[in-house]
Amino acid sequence: LAAEKAAKAGDSADRRFMQLALALGRRGQGRTAPNPAVGAVLVKDGVIVGRGWTQDGGRPHAEVEALRRAGDAARGATLYVTLEPCSHHGRTPPCADAVIAAGIARVVSAIEDPNPLVAGQGHARLRTAGIAVEIGVCAEEAARDHAGHIRRIRDRRPHVTLKLAVSADGKIAAAGHKPVAITGEAANARTHLLRARSDAVLIGIGTVLADDPELTCRLPGMAAQSPIRVVLDRSLRIPAASKLLHSARTTPLWLMASEIAEAATAARLGAAGAEVIHVADCADTPGLDLPAVLHALADKGVTRLFVEGGARVAASLVAGELADEIWLWRSDNAIGADGIDALHDLPLTAMTDSPHWRVRTTERVGADTL
Ligand code: AOF
Ligand code: ZN
């Protein structure tokens with residue numbers, strides 16, 4: 001990482017090709033876990049001769065894909081890659097060795113891979129073979145794209161993105177938890193896209209009982225990209241007739257339950273296709289220990305977690321400063337004073353005024369503000 005910081009920003013052509021590699025890498029987001037979604041571009045004499053990205057399930061790796069597509073044209077080319085080429089023997093030999101064998105002349109890499117199996121050894125291997133290596137081009141963007149991988153390796157938890165859709169008066173539902181549509185079509189399409197780019201979506205049992213959601217990606221042609229659905233269901237209250245349980249055989253459903261949840265209930269839900277994962281209870285407040293939940297998800301390979309509610313889950317994430325990124329949607333319409341507050345017992349300002357988060361962008365999407 002010191003090398004990364006020391007590296008010069010790179011010239012504009014390098015940045016342009018790296019941008020392309022980043023865009024290619026994003027195609028894999030939500031489909032490669034626990035592997036990071038890497039992108040790679042091969043360029044010779046200013047012409048793109050190969051493009052690749054990490055394939056579904058995490059293999060083949062991006063570089064190998066790009067090299068395969070380029071064939072003999074790869075000899076003497078420059079490789080642009082969004083993460084350090086690996087140096088470890090996994091299911092296939094290291095990417096660094098494949099890059100060397102293909103006769104690549106120069107490698108431009110965005111960031112070092114924090115995976116202790118790699119951690120600089122990929123770059124070192126390339127240099128030892130006489131390849132010119134430049135590190136740090138578009139590093140900030142790459143770190144954002146690979147935030148899930150980095151967080152999982154460094155902190156044993158996924159990168160957590162929290163979505164909150166609130167009315168103009170800060171509510172998320174009408175009185176009695178009656179669901180109301182808050183955001184419009186354009187915002188909802190963005191949410192579905194975020195689902196597809198996540199490894200897992202998480203909600204609390206309260207939201208299951210109130211809304212009976214399915215949490216799949218319903219964008220046209222993207223149904224196969226639905227993430228794993230995760231429910232914080234401490235005492236296993238999920239209804240047998242819920243949409244989540246009904247679709248558990250086609251799209252995975254994980255129920256995070258207390259260690260003292262009833263064994264017979266867990267067995268019945270398991271037989272219905274759900275996977276029950278036991279985690280510790282929180283020591284001081286009623287409910288599951290959220291850091292323990294995040295550790296369990298990371299251990300199962302989740303790198304990008306999308307939290308969709310409800311108010312209690314959102315409040316716990318905000319209070320525990322466990323959200324890495326927040327998508328706060330606000331509509332122009334009010335619900336009324338008797339509606340349900342977005343952060344349960346916390347004011348919205350606990351989030352918007354917290355020094356833990358800063359506003360990155362504000363934009364109008366359809367009829368809503370993001
Ligand atoms: C690359 N290119 O496209 C990706 C890399 O289980 P394995 O053998 O596939 O290795 C997984 C590790 O490889 C993963 O944790 C990360 O460090 C790296 N991912 N490396 O050279 C790629 N996806
Ligand atoms: Zn590799």
# chains A, B, ... in the order shown; residues from 1 in each chain; ligands from 1
$ residues_near_ligand --ligand "ligand 2" --cutoff "12 Å" --atoms "only C-alpha atoms and all ligand atoms" --output "PyMOL selection string"
chain A and resi 35-40+52-55+58-67+81-99+113+115+117-118+121-123
$ residues_around --residues "Leu244 (chain A)" --least-positions-apart "6" --cutoff "12 Å" --atoms "only C-alpha atoms" --output "MDAnalysis selection string"
chainID A and resid 201:203 205 207:209 211:216 228:231 238 250:255 269 272:274
$ atom_distance --atom1 "CA of Trp327 (chain A)" --atom2 "CA of Asp341 (chain A)"
16.7 Å
$ select_by_dssp --residues "region 51-248 of chain A" --states "helix (DSSP H, G or I)" --output "PyMOL selection string"
chain A and resi 56-58+62-74+95-101+121-128+139-145+147-155+175-177+185-196+205-211+223-225+243-246
$ closest_residue --among "A:Thr265, A:Ser12, A:Ser226, A:Thr303" --to "ligand 1" --atoms "only C-alpha atoms and all ligand atoms"
A:Thr303
$ residues_around --residues "region 180-191 of chain A" --least-positions-apart "6" --cutoff "12 Å" --atoms "only C-alpha atoms" --output "short mmCIF file (atom, residue, chain, number, x, y, z; two decimals) with C-alpha atoms, in the first residue's frame"
data_model
loop_
_atom_site.label_atom_id
_atom_site.label_comp_id
_atom_site.auth_asym_id
_atom_site.auth_seq_id
_atom_site.Cartn_x
_atom_site.Cartn_y
_atom_site.Cartn_z
CA THR A 161 -24.73 -0.65 2.13
CA LEU A 162 -27.87 0.58 3.87
CA LYS A 163 -30.89 1.75 1.89
CA LEU A 164 -33.46 4.01 3.49
CA ALA A 165 -36.47 5.37 1.61
CA VAL A 166 -38.18 8.06 3.64
CA SER A 167 -41.13 10.37 3.07
CA ALA A 168 -40.67 14.15 3.12
CA ASP A 169 -41.46 14.00 6.85
CA GLY A 170 -38.99 11.19 7.58
CA LYS A 171 -41.36 8.21 7.77
CA ILE A 172 -41.00 4.79 6.18
CA ALA A 173 -44.55 3.46 6.60
CA ALA A 174 -48.02 4.61 7.58
CA ARG A 197 -24.76 -6.16 -7.59
CA SER A 198 -24.83 -7.38 -3.99
CA VAL A 201 -29.69 -8.60 0.87
CA ALA A 210 -45.20 -6.25 7.58
CA ASP A 211 -44.42 -6.40 3.85
CA LEU A 215 -36.22 -9.41 -2.39
CA THR A 216 -35.35 -10.76 -5.79
CA CYS A 217 -34.00 -8.70 -8.67
CA ARG A 218 -36.91 -8.15 -11.00
CA LEU A 219 -35.21 -6.05 -13.66
CA PRO A 220 -35.88 -7.47 -17.14
CA MET A 222 -31.76 -10.16 -14.56
CA PHE A 306 -27.26 -4.65 0.98
CA VAL A 307 -29.52 -3.85 3.95
CA GLU A 308 -33.07 -2.90 3.02
CA TRP A 327 -28.43 5.34 0.11
CA LEU A 328 -30.95 7.77 1.55
CA TRP A 329 -33.94 8.30 -0.69
CA ARG A 330 -36.42 11.04 0.09
CA SER A 331 -39.74 11.56 -1.65
CA ASP A 332 -41.59 14.86 -1.90
CA ASN A 333 -44.71 13.46 -0.23
CA ALA A 334 -45.46 13.39 3.48
CA ILE A 335 -47.02 10.46 5.33
CA GLY A 336 -48.16 12.21 8.49
CA GLY A 339 -46.34 7.24 10.44
CA ILE A 340 -43.41 5.01 11.40
CA ALA A 342 -37.33 5.74 9.60
CA GLU A 363 -29.05 14.00 -7.03
CA ARG A 364 -32.58 13.98 -8.30
CA VAL A 365 -33.68 10.54 -9.57
CA GLY A 366 -37.13 10.59 -11.14
CA ALA A 367 -39.47 12.18 -8.60
CA ASP A 368 -37.17 11.48 -5.63
CA THR A 369 -33.99 12.85 -4.12
CA LEU A 370 -31.04 10.53 -3.49
#
$ closest_residue --among "A:Asp11, A:Asp289, A:Asp233, A:Asp155" --to "Ile277 (chain A)" --atoms "only C-alpha atoms"
A:Asp233
$ residues_around --residues "Ile111 (chain A)" --least-positions-apart "4" --cutoff "8 Å" --atoms "only C-alpha atoms" --output "list in words"
Leu1, Glu4, Thr82, Leu83, Glu84, Ile135, Gly136, Val137, Ala139, Ala142 and Ala143 of chain A
$ write_last_selection --atoms "C-alpha atoms" --output "PDB file, in the first residue's frame"
ATOM      1  CA  LEU A   1       0.000   0.000   0.000  1.00  0.00           C
ATOM      2  CA  GLU A   4       0.312   2.355  -4.054  1.00  0.00           C
ATOM      3  CA  THR A  82      -8.122  -3.343 -11.299  1.00  0.00           C
ATOM      4  CA  LEU A  83      -6.472  -5.531  -8.629  1.00  0.00           C
ATOM      5  CA  GLU A  84      -2.987  -6.983  -8.231  1.00  0.00           C
ATOM      6  CA  ILE A 135       0.677   0.586  -9.267  1.00  0.00           C
ATOM      7  CA  GLY A 136      -1.942   3.124  -8.188  1.00  0.00           C
ATOM      8  CA  VAL A 137      -3.759   4.216 -11.347  1.00  0.00           C
ATOM      9  CA  ALA A 139      -6.637   3.544  -6.959  1.00  0.00           C
ATOM     10  CA  ALA A 142     -10.721   0.534  -7.493  1.00  0.00           C
ATOM     11  CA  ALA A 143     -10.752   0.563  -3.689  1.00  0.00           C
TER      12      ALA A 143
END
$ atom_distance --atom1 "CA of Arg127 (chain A)" --atom2 "CA of Ala77 (chain A)"
15.4 Å
$ closest_residue --among "A:Arg304, A:Arg195, A:Arg16, A:Arg75" --to "Ala33 (chain A)" --atoms "only C-alpha atoms"
A:Arg304
$ closest_residue --among "A:Leu42, A:Ala119, A:Val302, A:Val133" --to "ligand 1" --atoms "only C-alpha atoms and all ligand atoms"
A:Ala119
$ atom_distance --atom1 "CA of Leu24 (chain A)" --atom2 "CA of Ala296 (chain A)"
29.7 Å
